[in-house]
Each structure stands twice: as C-alpha cells, then as structure tokens.
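Okay, structure first, notes after.
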Amino acid sequence: MNCWTAKRRSTNFIDGTLRERERARIVRHLNECRTCSNDFEQMRLVRSTLQELPVAKPPANLRAALQVVASRERQAIADGAWSRVRRIWNRWLFRLDDAMRPITLPATGGLASSIILFGALSFTIGTTTRVSNYEVPIMYADHWGANLVPFQLRSSVVLTLNLDGKGRITEYGIRDGSAFFVGDTARLQYNNIAVPDFPSVLAVAQPISRGISISFTPIVYRQ
Amino acid sequence: MAHSLSGNSGSLSILAGAQNGISEEEARILRGLRAGIEGAYQELIDRYEQPIFNMAYRLLGNQTDACDVVQEVFLKVFRSVHSFREQSSLRTWIYRIAVNEAHNHRRWFARHCRREVPLEKHRPDYDYSIELAQDPGRSPYHQALDSETRMMVERALSKINPLFRTAVVLRDIQNMSYEEIADILQISLGTVKSRILRGREALRRELNQQAIPGLAEVLA
C-alpha cells in the first residue's frame, strides 16, 4: 500500500469502519511510513478533541420562544383551512392600518374643522329661511317730487313679491282681506311705490328667486 | 433505502439513505404534529432543541445566531410537517433543514453585515460566554487546559471551509453515520468521506499553526 491509498482510507480507518483485512494493511504501512503515521495520529487526535468538546447548552429563553412558536402553529391548525386566509387577511389589514396611520391625524383634523365650520354657518343658514317680522313704515307720495310721508293703512295688507336671482322684483300681488290684486312691476315706479330695503337680511344671505310674502299691519301716526 | 440521482453531468451517484423511512416512534410524533396535539410539539422540542442548537452553534460559532437558526428550524418543521413525504427519517429531515438554515444564515450575515462597522472592535469567531457542560471531576489545571484546547479547536473550526466544517461537525460532534450525513447533505457517500477527510486535515493544519499542546507532543 502506498501513501496515497492509505490517505484515501484514513477517514474509515480513524472512524473504525474498515474491514479487518484492510485495517491490517494500513497498520503495516503506518509502521513503515513515519510521515503517514504522524498524519494519522494527528487526525485521530483532532477527532478525539472534537468528540470531547462540551455540549453547548441552549439558553433558557430559547425553550420559551419555541413553545410560543409551537402554540401559535397549533392554533393555526386548530383554526383549520381558513387560518391561511385569515393570516393573509390580517397581514393585509395590518399593512393597510400601517399605511393609513400617517394620514389619520390630518384627516381627523380636517373632519373636525369641517364640523366646526358647518356648525358655525348653520346659524346663518337658519336665519335665511326663517320668517322675519319687521315693522316697516310704508312711505307714500301723492305726486312726483313730494316728500314721502308714512302711508296709513286701514286694514292688514299682504304684499307678495317674486324676486329674480339678483333680488329684482319680477311681479307682485297685494292681498287686502278677501281681494287680491296682481300688480305690474312698471307701475311700482310709476306710482312711486318704494319697497323698503331689508339690509339686515341681505347682509347674511343672497337673494333667491322665490316668492316673498310681506304683511303690512295698520299703525297710527300722530301728525 | 438507496436513491439514484443523476447530476448535471449525467453521472449517477448513489445516496445511501440512513434509515428506511421513519420509525414507529417518529410516526407517532408526526401524527401528533399533524393533528396539532400539544404533547407531540413538546416532545419534538424536548428531543431536538439541544442537539440542533449544539450543531448550529458549532456551525456558526455564535449563540445568538444559533438561537435564531433553531427557531427558524422548528418553525419550518411545524409548518412543513404536512408536506413531509417520509422518504427519510424525521431526524434526518430536521437536521437537513437545520444545516440549510445555518448555511442560509451564514450567507445572509456575510452578505449583509460584511460592510457594517460593529460597535465592538471585532466580532469574535466564537462566543466564549456560552454555557457549556463541564466535567466536575476534572482538576482546575485540566479544566483550564480543556478550556484553552476548546477555544483553539473552536477557533480552528470557524476558519475551515463551511462545507468541510459541516461534514466534520455532523460526523465527529453529532456522531452521525456516513449514510445519515449523505442523506442530510444530499451528497454521495464518497463525497461525505472526502469532505470529512479534508475537514480533518484543514483542522490539523490550523491546530498545528496554533501549537495546540497535545498535537505539539505528537509532532515532537
């Protein structure tokens, strides 16, 4: 046996897995070759040193971690076939929550601001639709250029006005008791009928193209 | 059980399986795992936590990395137990997962952490703070000598080629047969013996350079 063959079989020789005949041939070669003998002895020592290495003990928390993993996996089996779907669903839910979290605060702030703003404006919206009672003196002039004097009504009169989107009167009607009179808009100016402004109403609302009913109640003036 | 595999070169290599499928005991554990029985999970952990940790520690040389690998191994075992085809023993299958996981972990570390600057001055080859089983009958002198020898062997082990280191660890530390190693590493028996031989030779050279006392006496 030469050195090359002996080296090839060194693993089996050192591990003691060679047949007796083969083992005897190698022993004969080692008795003759000091280099191979040294190499084999060193390898045997390496093997025995490795075998004598102390066993590395796992840390105590590893057992706890493994038991947690086992518990989770058992739960997944117990949940059945839906567990996989549920895991995927939960994962996507988590990602969605993670993605939405940065914009949650601005969105909440915006919503709160909108509610506060709407709440503040709702008072003004309410006033535009509420019926307002004004005691407005009707002024009358019997001829052009004369000073306007308060016109004294004998009974209650309801003046119905139809306005366009710009607040201009398109038609009007006057109801006096059971009688109803539909007026011509041109006659308003012709007869010097001045319809009073409503600055307090116009200040908070835009004119709408709807009918407005104004009631006139007789009042007495001392001249 | 003998498997015939044809490689890329078209040559056939014979892989001798360690055992014919799984034993009755392993079959019982497998049934329990598949049914989600707590006792089966506990038994698997009791059986394999320590040896898998020991092997991972010897392959990686670091306690934290070994713990990560053990957790990954058990997670994969629990999740893949339904698809395990029982063509090899449960023990071989678990060790195969562990070896692959340790290799992946080492490759990942080498790829991602090579250019990182650690807070410590250097990352030690071996984590010597780990708790090891000590022989209480040894004298303080021999314990010190053992400790010194252990450190040198572990340092040498960390320096050799990972392929050879795996074969040596499975054979000389885990005491596995050639057939089991061939089944775990999915290589032929000849390759197993070759890797063990080259691993031992590499270790011998490393230890000679470090002048380990026992070897120095042999060399003299």
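Letters A, B, ... mark the chains of the structure tokens in the order given; residue numbers begin at 1 per chain; ligand numbers begin at 1, in order shown.
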* To do: Write down, as a PyMOL selection string, each residue of chain B that has any atom within 9 Å of an atom of chain A, counting only C-alpha atoms.
  => chain B and resi 33-38+41-42+45-46+49-51+53-55+57-58+63+66-67+70-71+74-75+78-79+130-135+146+149-150+153-154+168-169+172-175+193-194+196-197+200-201+203-204+207+214-215+218-219
* Coordinates-based distance that separates atom CA of Ile184 of chain B from atom CA of Tyr95 of chain B (Å, one decimal) ->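 The value is 6.4 Å.
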* **Point-to-point distance in Å for atom CA of Asn208 of chain B and atom CA of Arg28 of chain A** =>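 Interatomic distance here is 26.0 Å.
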* Could you check how far atom CA of Phe109 of chain B sits from atom CA of Phe164 of chain B, in Å to one decimal? =>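 Rounded to one decimal, the two atoms are 19.2 Å apart.
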* Asked: What's the 7 Å shell around Val69 of chain B, counting only C-alpha atoms, without same-chain residues fewer than 5 positions away, as a list in words?
  -> Ala56, Glu101 and Ala102 of chain B
